[in-house]
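Enquirer: Questions regarding the structure given below will be posed in turn.
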Amino acid sequence: MERWTAEVIGRLPALAPGRYVVAQPRPRARGRLLAQSWEQIALPAQAARLRASLVFSPANLAPLAWPRNVIVLHDAAVLREPGAYSRAYRAWHGRAGLACARRAVNVVTVSQFSRRELVELAGFDPARITVIPGGVDAQFAPQADPAPVARRMGLERPYVLSIATADRRKNVAKLAPVAEALRHEGIDLAWAGDRRPYFRAAAAAAGVRDLGYVADADLPGLYAGARAFVLPSRYEGFGLTCLEAMASGTPVVAADRAALPETCGDAALLVDPDDEAALVAAVLRAATDPRAADELSERGRRRAAQFTWETTAARVHELLTRLTSDVSPGSGPHPGTPPWPPPERSRAGAG
């Protein structure tokens, strides 16, 4: 979600200079509660001062007090997998988040899977949902140098990589037998993931190298240096990390659940994430069979090349332009002026 926000909001102003205004809280107000207060109170006031016609919010929430929002809901996980989140998070996103979306001019989501989930679980009108997938930055490439990050993180042996936050739906506990099988091949299993207070933490996977949070600047080298990438998640609204691994030339093994088959296509080995034997076999094949690895790498690069942030931003711009032009005199709070965006996440306005 944060990657999607940064990449798209960073590109919108260049598509129409002078039309977009990016709004975000001041640095001292970027704690979660302060940022959400800014979003609900200060953002609509700022939008009114700038005579915005739309507020574009790319991170699951929007200001309830603003009458014309375009909101991005990345998935329906809080409804499908409520046990993965804290009670406070469920209450806020399950009520305020859905209320924002129901009042919005348009809801953007990132996959056909997420669109179906929002229709089924939240009862949204499918005609008001626009699917705009994410993309892959050019920094993710086979040529990225893995040596600096490997030295800093003590990755002295070959490794298979997994990147996932430490919450239950990511299913990281299933990596334990994978790590054991790889160990016999002289390969480590490295897991990079953030721990956040609003997630119900998953159990640690035995035998897995826990790298903790990895900065964005280190990710290209980390992907490029991996023998394979594995994501055993039971629920993903898109699966951006799989595409980043593919763009890096790294063979991918992913769960055959949620949006992952849609995102990966035929460029990954897709397996039942709860079938330990199948997961182990697929990762071993991707990491140790040169022929399979070469084929997956080639397919993955072709697949990832279909997703660019430039395309994502252009499609958002087209949507906001159309919605802004639909604002006729008297139909909105400030006819004929810009659309807009969010906090920590970031927001953009168009004129």
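Letters A, B, ... mark the chains of the structure tokens in the order given; residue numbers begin at 1 per chain; ligand numbers begin at 1, in order shown.
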Can you check which parts of region 119-168 of chain A lie within 10 Å of region 296-312 of chain A? Per residue, the shortest pair of atoms and distance in Å to one decimal, counting only C-alpha atoms, sorted by chain and number, as a tab-separated table.

Expert:
residue	atom	partner	partner_atom	distance
A:Ile132	CA	A:Thr312	CA	6.3
A:Pro133	CA	A:Thr312	CA	6.5
A:Gly134	CA	A:Thr312	CA	5.9
A:Gly135	CA	A:Thr308	CA	4.0
A:Val136	CA	A:Thr308	CA	5.2
A:Asp137	CA	A:Trp309	CA	6.6
A:Ala138	CA	A:Thr308	CA	8.5
A:Phe140	CA	A:Ala304	CA	9.8
A:Ala141	CA	A:Arg301	CA	8.7
A:Pro142	CA	A:Arg301	CA	9.1

Enquirer: Save out the residues we just selected, N, CA, C and O atoms, as an mmCIF file, in the first residue's frame.

Expert:
data_model
loop_
_atom_site.group_PDB
_atom_site.id
_atom_site.type_symbol
_atom_site.label_atom_id
_atom_site.label_comp_id
_atom_site.auth_asym_id
_atom_site.auth_seq_id
_atom_site.Cartn_x
_atom_site.Cartn_y
_atom_site.Cartn_z
ATOM 1 N N ILE A 132 -7.171 -0.809 -10.988
ATOM 2 C CA ILE A 132 -5.916 -0.258 -11.497
ATOM 3 C C ILE A 132 -4.768 -0.969 -10.773
ATOM 4 O O ILE A 132 -4.492 -0.680 -9.609
ATOM 5 N N PRO A 133 -4.109 -1.922 -11.414
ATOM 6 C CA PRO A 133 -3.019 -2.660 -10.748
ATOM 7 C C PRO A 133 -1.807 -1.769 -10.481
ATOM 8 O O PRO A 133 -1.644 -0.704 -11.094
ATOM 9 N N GLY A 134 -0.964 -2.235 -9.581
ATOM 10 C CA GLY A 134 0.301 -1.567 -9.311
ATOM 11 C C GLY A 134 1.336 -1.895 -10.370
ATOM 12 O O GLY A 134 1.039 -2.549 -11.382
ATOM 13 N N GLY A 135 2.548 -1.438 -10.154
ATOM 14 C CA GLY A 135 3.609 -1.636 -11.134
ATOM 15 C C GLY A 135 4.921 -2.029 -10.486
ATOM 16 O O GLY A 135 4.972 -2.334 -9.292
ATOM 17 N N VAL A 136 5.971 -2.019 -11.283
ATOM 18 C CA VAL A 136 7.313 -2.369 -10.814
ATOM 19 C C VAL A 136 8.269 -1.274 -11.247
ATOM 20 O O VAL A 136 8.283 -0.875 -12.417
ATOM 21 N N ASP A 137 9.075 -0.798 -10.319
ATOM 22 C CA ASP A 137 10.058 0.233 -10.631
ATOM 23 C C ASP A 137 11.260 -0.383 -11.354
ATOM 24 O O ASP A 137 11.611 -1.541 -11.129
ATOM 25 N N ALA A 138 11.911 0.418 -12.196
ATOM 26 C CA ALA A 138 13.045 -0.068 -12.980
ATOM 27 C C ALA A 138 14.239 -0.477 -12.129
ATOM 28 O O ALA A 138 15.131 -1.191 -12.606
ATOM 29 N N PHE A 140 14.267 -2.583 -9.878
ATOM 30 C CA PHE A 140 14.206 -4.029 -9.673
ATOM 31 C C PHE A 140 14.597 -4.711 -10.981
ATOM 32 O O PHE A 140 13.827 -4.754 -11.942
ATOM 33 N N ALA A 141 15.821 -5.215 -11.029
ATOM 34 C CA ALA A 141 16.374 -5.774 -12.266
ATOM 35 C C ALA A 141 17.445 -6.796 -11.907
ATOM 36 O O ALA A 141 18.047 -6.724 -10.824
ATOM 37 N N PRO A 142 17.711 -7.750 -12.803
ATOM 38 C CA PRO A 142 18.744 -8.757 -12.520
ATOM 39 C C PRO A 142 20.124 -8.139 -12.301
ATOM 40 O O PRO A 142 20.980 -8.748 -11.657
#

Enquirer: Do a neighbour search on region 106-108 of chain A at 8 Å with only C-alpha atoms, toss out local chain neighbours closer than 5 positions, and write the hits as a list in words.

Expert: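 Neighbouring residues, sequence-local ones excluded: Asn69, Val70, Ile71, Val72, Leu73, His74, Ala101, Arg128, Ile129, Thr130, Val131 and Ile132 of chain A.
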
Enquirer: Using DSSP on the backbone coordinates, identify all residues within region 232-341 of chain A classified as helix (DSSP H, G or I); present the result as a ChimeraX atom specification.

Expert: /A:240-247,260-264,276-288,290-304,309-325

Enquirer: Using only C-alpha atoms, what does the table of region 126-232 of chain A residues within 7 Å of region 282-289 of chain A look like, with each row giving the shortest atom pair and its distance in Å to one decimal, sorted by chain and ascending number, as a Markdown table?

Expert:
| residue | atom | partner | partner_atom | distance |
| --- | --- | --- | --- | --- |
| A:Leu182 | CA | A:Leu284 | CA | 7.0 |
| A:Arg227 | CA | A:Ala287 | CA | 5.1 |
| A:Ala228 | CA | A:Ala287 | CA | 5.2 |

Enquirer: For Leu323 (chain A), find every residue with an atom within 10 Å (counting only C-alpha atoms), except residues of its own chain fewer than 5 positions away, and show them as a list in words.

Expert: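 Using only C-alpha atoms, the neighbours found are Ser53, Leu54, Arg68, Val70, Val105, Asn106, His317, Glu318 and Pro339 of chain A.
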
Enquirer: Need to verify the contact set: Ala76 (chain A), 7 Å, only C-alpha atoms, exclusion of same-chain residues closer than 2 positions in sequence. Can you return it as a PyMOL selection string?

Expert: chain A and resi 78-80+114+117-118

Enquirer: Nearest to Ala292 (chain A): which of A:Cys264, A:Ala314, A:Thr250, A:Val8 is it, counting only C-alpha atoms?

Expert: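 Looking only at the distances to Ala292 (chain A), the closest residue turns out to be A:Thr250.
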
Enquirer: Calculated over only C-alpha atoms, which of the candidates A:Leu161, A:Gln112, A:Ser86, A:Ala206 has the smallest distance to Pro261 (chain A)?

Expert: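 With only C-alpha atoms as the atom set, the closest residue is A:Gln112.
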